[in-house]
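Reviewing the structure listed below.
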Amino acid sequence: MKKLAPELFDSQPDLLHQLVYRTNQCAGEFVVTFPRAYHSGFNQGYNFAEAVNFCTADWLPMGRQCVSHYRRLHRYCVFSHEELLCKMAADPESLDVELAAAVCKEIGDMMEEETKLRQAVQEMGILSSEQEVFELLPDDERQCYKCKTTCFLSALTCPCSPDRLVCLTHAADLCDCALGNKYRYDLEEFPAMLYGVKIRAQSYDTWAKRVSDWLGCRPEKQERFYT
């Protein structure tokens with residue numbers, strides 16, 4: 001176990017002495033596993049089971065940490081975290097206020113990291129770029145050749161290996177050819193994306209302030225709040 005997953009023992013040296021729990025899932029029951037919880041299972045007889053990934057607003061930062069952790073381990077992602085954020089930001093009115101606030105924070109962090117990566121790539125002399133709608137590609141065709149992460153915002157390709165690409169973090173690990181940058185969104189598109197979820201996240205605060213102001217003012221001044 002220590003040879004297969006040594007990183008687990010860095011923070012928990014007594015891992016092998018910790019208790020392991022079990023449960024027997026019967027028909028019609030749900031079993032929920034929490035983030036960073038290691039689990040396994042097996043079927044006893046003929047069963048039909050379906051695993052579903054779902055997330056709450058407070059999971060989003062954990063998801064970003066998971067992507068970074070998987071990148072270090074060269075492990076495939078279940079789905080693109082960046083794609084999930086961008087899809088939610090594309091329809092901010094469908095988000096509740098709590099989720100919009102979480103998405104707003106994650107979009108801001110994502111923008112900052114992506115901007116730094118693209119600047120680093122340009123400083124390497126990679127100036128050729130073209131837009132690519134990554135979500136139209138199968139996941140196995142947009143995975144980084146080096147770390148196996150699922151690319152969505154951008155990726156690098158080269159003429160000698162058209163079937164390979166790498167994420168911007170591993171720009172130096174593809175080949176010595178003149179690389180080209182493929183991107184999903186231009187950097188100028190990010191502020192508008194962020195603005196939409198920010199307005200949605202602030203909508204409750206705006207409404208609450210108007211109600212508070214209305215309740216706190218004299219009756220003759222309340223009329224202007226109806227307009």
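Simple scheme: letters A, B, ... for chains in structure tokens order, numbers from 1 for residues in each chain, numbers from 1 for ligands in the order shown.
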
Tell me, as a ChimeraX atom specification, which residues lie within 6 Å of segment 138-152 of chain A, counting only C-alpha atoms; anything in the same chain fewer than 6 positions away does not count.
/A:71,74-77,80,165-167

Selection file, C-alpha atoms, as a short mmCIF file (atom, residue, chain, number, x, y, z; two decimals), in the first residue's frame:
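What follows is the written file out.cif:
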data_model
loop_
_atom_site.label_atom_id
_atom_site.label_comp_id
_atom_site.auth_asym_id
_atom_site.auth_seq_id
_atom_site.Cartn_x
_atom_site.Cartn_y
_atom_site.Cartn_z
CA ARG A 71 -2.28 16.41 -12.52
CA HIS A 74 -0.93 11.80 -13.98
CA ARG A 75 -4.44 10.53 -13.33
CA TYR A 76 -7.45 10.97 -15.62
CA CYS A 77 -10.17 13.38 -14.50
CA SER A 80 -13.40 18.97 -16.86
CA LEU A 165 -1.73 17.82 -27.08
CA VAL A 166 -0.57 19.11 -23.71
CA CYS A 167 -1.97 21.55 -21.20
#

Residues near Ala51 of chain A, cut-off 10 Å, only C-alpha atoms, skip fewer than 5 positions along chain, as a VMD selection string:
chain A and resid 30 to 32

Preceding selection exported with N, CA and C atoms as a compact mmCIF listing (two decimals), in the first residue's frame:
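As a result, result-v7.txt now contains:
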# COMPACT_ATOMS: atom_id res chain seq x y z
N PHE A 30 -29.42 4.83 -1.38
CA PHE A 30 -28.34 5.64 -1.93
C PHE A 30 -27.17 5.64 -0.95
N VAL A 31 -25.98 5.56 -1.49
CA VAL A 31 -24.76 5.69 -0.70
C VAL A 31 -24.01 6.92 -1.21
N VAL A 32 -23.75 7.86 -0.32
CA VAL A 32 -23.07 9.11 -0.69
C VAL A 32 -21.64 9.05 -0.18

Could you pull the residues within 12 Å of Pro191 of chain A, counting only C-alpha atoms, minus those fewer than 6 positions along the same chain, as a count of residues only?
11

Could you write out, as a PyMOL selection string, all the residues of segment 10-155 of chain A that DSSP marks as strand (DSSP E or B)?
chain A and resi 129-131+143+150+154-155

With a distance cut-off of 9 Å and only C-alpha atoms, select the neighbouring residues of Glu114 of chain A, excluding the residue or stretch itself and same-chain residues fewer than 6 positions from it, and output the selection as a PyMOL selection string.
chain A and resi 153-154+168+187

As a list of chain:residue names, please: the residues near Ala171 of chain A (cut-off 10 Å, only C-alpha atoms, same-chain neighbours under 5 positions excluded).
A:Leu117, A:Ala120, A:Val121, A:Met124, A:Ile126, A:Lys146, A:Ala155, A:Leu156, A:Thr157, A:Leu165, A:Val166, A:Leu179, A:Asn181

Let's see if you can do this: from backbone DSSP, list all helix (DSSP H, G or I) residues in segment 131-167 of chain A, as a ChimeraX atom specification.
/A:134-136,139-141

For atom CA of Asp173 of chain A and atom CA of Ala5 of chain A, quote the distance in Å rounded to one decimal.
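Answer for the atom CA of Asp173 of chain A to atom CA of Ala5 of chain A separation: 24.6 Å.
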
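Residue nearest Phe190 of chain A, chosen from A:Ala90, A:Ala37, A:Ala178, A:Ala101 and counting only C-alpha atoms: A:Ala90.
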
Applying 9 Å and only C-alpha atoms, which residues near segment 63-68 of chain A remain after dropping the ones on its own chain fewer than 2 positions away? List them as an mmCIF file with C-alpha atoms, in the first residue's frame.
data_model
loop_
_atom_site.group_PDB
_atom_site.id
_atom_site.type_symbol
_atom_site.label_atom_id
_atom_site.label_comp_id
_atom_site.auth_asym_id
_atom_site.auth_seq_id
_atom_site.Cartn_x
_atom_site.Cartn_y
_atom_site.Cartn_z
ATOM 1 C CA PRO A 35 -14.791 14.438 -1.281
ATOM 2 C CA ARG A 36 -11.376 12.818 -0.848
ATOM 3 C CA CYS A 55 -21.594 18.708 -6.303
ATOM 4 C CA TRP A 59 -17.416 21.480 -3.241
ATOM 5 C CA LEU A 60 -16.093 23.713 -6.043
ATOM 6 C CA PRO A 61 -12.785 24.651 -4.324
ATOM 7 C CA TYR A 70 -4.660 14.425 -10.300
ATOM 8 C CA ARG A 71 -2.285 16.409 -12.517
ATOM 9 C CA ARG A 72 0.604 15.597 -10.200
ATOM 10 C CA LEU A 73 -0.356 11.919 -10.184
ATOM 11 C CA CYS A 77 -10.175 13.379 -14.496
ATOM 12 C CA SER A 80 -13.400 18.970 -16.861
ATOM 13 C CA HIS A 81 -13.710 21.248 -13.831
ATOM 14 C CA GLU A 82 -13.107 24.334 -15.988
ATOM 15 C CA GLU A 106 -13.821 30.042 -8.813
ATOM 16 C CA THR A 149 -5.853 16.241 -17.343
#

Among listed residues A:Glu188, A:Glu113, A:Asp176, A:Asp96, nearest Tyr204 of chain A (using only C-alpha atoms)
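Nearest candidate to Tyr204 of chain A out of A:Glu188, A:Glu113, A:Asp176, A:Asp96: A:Asp96.
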
So what do you get for atom CA of Gln122 of chain A versus atom CA of Met62 of chain A, distance-wise?
29.8 Å

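Between Thr169 of chain A and the candidates A:Arg22, A:Arg210, A:Lys2, A:Lys116, the tightest atom-to-atom separation, counting only C-alpha atoms, involves A:Lys116.
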
Quick one: residues within 12 Å of Ala201 of chain A, only C-alpha atoms, excluding same-chain residues fewer than 3 positions away - as a PyMOL selection string?
chain A and resi 89+92-105+194-198+204-207

Kindly export the residues of the current selection with N, CA and C atoms, as a PDB file, in the first residue's frame.
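Saved file part.pdb follows:
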ATOM      1  N   ALA A  89     -21.422  29.539 -15.631  1.00  0.00           N
ATOM      2  CA  ALA A  89     -21.308  30.984 -15.811  1.00  0.00           C
ATOM      3  C   ALA A  89     -22.035  31.461 -17.059  1.00  0.00           C
ATOM      4  N   PRO A  92     -26.082  32.410 -15.797  1.00  0.00           N
ATOM      5  CA  PRO A  92     -26.064  32.779 -14.376  1.00  0.00           C
ATOM      6  C   PRO A  92     -27.442  32.840 -13.737  1.00  0.00           C
ATOM      7  N   GLU A  93     -28.482  33.145 -14.525  1.00  0.00           N
ATOM      8  CA  GLU A  93     -29.821  33.261 -13.950  1.00  0.00           C
ATOM      9  C   GLU A  93     -30.362  31.925 -13.460  1.00  0.00           C
ATOM     10  N   SER A  94     -29.788  30.821 -13.927  1.00  0.00           N
ATOM     11  CA  SER A  94     -30.239  29.500 -13.484  1.00  0.00           C
ATOM     12  C   SER A  94     -29.609  29.093 -12.153  1.00  0.00           C
ATOM     13  N   LEU A  95     -28.655  29.879 -11.658  1.00  0.00           N
ATOM     14  CA  LEU A  95     -27.950  29.560 -10.417  1.00  0.00           C
ATOM     15  C   LEU A  95     -28.631  30.221  -9.229  1.00  0.00           C
ATOM     16  N   ASP A  96     -28.670  29.521  -8.098  1.00  0.00           N
ATOM     17  CA  ASP A  96     -29.128  30.209  -6.897  1.00  0.00           C
ATOM     18  C   ASP A  96     -28.001  31.109  -6.408  1.00  0.00           C
ATOM     19  N   VAL A  97     -28.330  31.978  -5.477  1.00  0.00           N
ATOM     20  CA  VAL A  97     -27.380  33.021  -5.071  1.00  0.00           C
ATOM     21  C   VAL A  97     -26.116  32.425  -4.459  1.00  0.00           C
ATOM     22  N   GLU A  98     -26.269  31.409  -3.628  1.00  0.00           N
ATOM     23  CA  GLU A  98     -25.105  30.786  -2.982  1.00  0.00           C
ATOM     24  C   GLU A  98     -24.180  30.155  -4.013  1.00  0.00           C
ATOM     25  N   LEU A  99     -24.755  29.444  -4.970  1.00  0.00           N
ATOM     26  CA  LEU A  99     -23.938  28.804  -5.999  1.00  0.00           C
ATOM     27  C   LEU A  99     -23.276  29.845  -6.889  1.00  0.00           C
ATOM     28  N   ALA A 100     -24.004  30.917  -7.215  1.00  0.00           N
ATOM     29  CA  ALA A 100     -23.432  31.979  -8.047  1.00  0.00           C
ATOM     30  C   ALA A 100     -22.224  32.617  -7.371  1.00  0.00           C
ATOM     31  N   ALA A 101     -22.300  32.812  -6.058  1.00  0.00           N
ATOM     32  CA  ALA A 101     -21.169  33.390  -5.324  1.00  0.00           C
ATOM     33  C   ALA A 101     -19.959  32.467  -5.377  1.00  0.00           C
ATOM     34  N   ALA A 102     -20.187  31.157  -5.242  1.00  0.00           N
ATOM     35  CA  ALA A 102     -19.085  30.193  -5.303  1.00  0.00           C
ATOM     36  C   ALA A 102     -18.484  30.137  -6.701  1.00  0.00           C
ATOM     37  N   VAL A 103     -19.343  30.158  -7.721  1.00  0.00           N
ATOM     38  CA  VAL A 103     -18.862  30.134  -9.108  1.00  0.00           C
ATOM     39  C   VAL A 103     -18.071  31.397  -9.412  1.00  0.00           C
ATOM     40  N   CYS A 104     -18.548  32.533  -8.914  1.00  0.00           N
ATOM     41  CA  CYS A 104     -17.848  33.808  -9.132  1.00  0.00           C
ATOM     42  C   CYS A 104     -16.423  33.740  -8.592  1.00  0.00           C
ATOM     43  N   LYS A 105     -16.265  33.207  -7.389  1.00  0.00           N
ATOM     44  CA  LYS A 105     -14.927  33.079  -6.790  1.00  0.00           C
ATOM     45  C   LYS A 105     -14.050  32.144  -7.615  1.00  0.00           C
ATOM     46  N   LEU A 194     -17.380  36.681 -15.930  1.00  0.00           N
ATOM     47  CA  LEU A 194     -17.323  36.928 -14.494  1.00  0.00           C
ATOM     48  C   LEU A 194     -18.399  37.917 -14.061  1.00  0.00           C
ATOM     49  N   TYR A 195     -18.646  38.923 -14.888  1.00  0.00           N
ATOM     50  CA  TYR A 195     -19.623  39.964 -14.544  1.00  0.00           C
ATOM     51  C   TYR A 195     -21.018  39.372 -14.373  1.00  0.00           C
ATOM     52  N   GLY A 196     -21.392  38.439 -15.261  1.00  0.00           N
ATOM     53  CA  GLY A 196     -22.721  37.848 -15.195  1.00  0.00           C
ATOM     54  C   GLY A 196     -22.983  37.133 -13.880  1.00  0.00           C
ATOM     55  N   VAL A 197     -22.041  36.298 -13.445  1.00  0.00           N
ATOM     56  CA  VAL A 197     -22.247  35.566 -12.191  1.00  0.00           C
ATOM     57  C   VAL A 197     -22.097  36.494 -10.983  1.00  0.00           C
ATOM     58  N   LYS A 198     -21.292  37.544 -11.128  1.00  0.00           N
ATOM     59  CA  LYS A 198     -21.130  38.495 -10.025  1.00  0.00           C
ATOM     60  C   LYS A 198     -22.431  39.243  -9.772  1.00  0.00           C
ATOM     61  N   TYR A 204     -29.169  39.133  -4.393  1.00  0.00           N
ATOM     62  CA  TYR A 204     -29.832  39.032  -3.091  1.00  0.00           C
ATOM     63  C   TYR A 204     -29.461  40.211  -2.203  1.00  0.00           C
ATOM     64  N   ASP A 205     -28.177  40.573  -2.178  1.00  0.00           N
ATOM     65  CA  ASP A 205     -27.745  41.703  -1.356  1.00  0.00           C
ATOM     66  C   ASP A 205     -28.431  42.985  -1.801  1.00  0.00           C
ATOM     67  N   THR A 206     -28.567  43.162  -3.125  1.00  0.00           N
ATOM     68  CA  THR A 206     -29.237  44.348  -3.655  1.00  0.00           C
ATOM     69  C   THR A 206     -30.695  44.381  -3.225  1.00  0.00           C
ATOM     70  N   TRP A 207     -31.372  43.231  -3.358  1.00  0.00           N
ATOM     71  CA  TRP A 207     -32.775  43.149  -2.961  1.00  0.00           C
ATOM     72  C   TRP A 207     -32.942  43.386  -1.461  1.00  0.00           C
TER      73      TRP A 207
END

Proximity to Tyr38 of chain A - best of A:Val52, A:Cys26, A:Leu15, A:Cys177, only C-alpha atoms
A:Leu15

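Considering only C-alpha atoms, the residue among A:Gln18, A:Ser161, A:Thr23, A:Thr56 positioned nearest to Leu174 of chain A is A:Ser161.
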
Which one is closest to Ala192 of chain A: A:Asp109, A:Trp214, A:Arg164, A:Cys86? Count only C-alpha atoms.
A:Cys86

Point-to-point distance in Å for atom CA of Ala172 of chain A and atom CA of Pro159 of chain A
15.1 Å
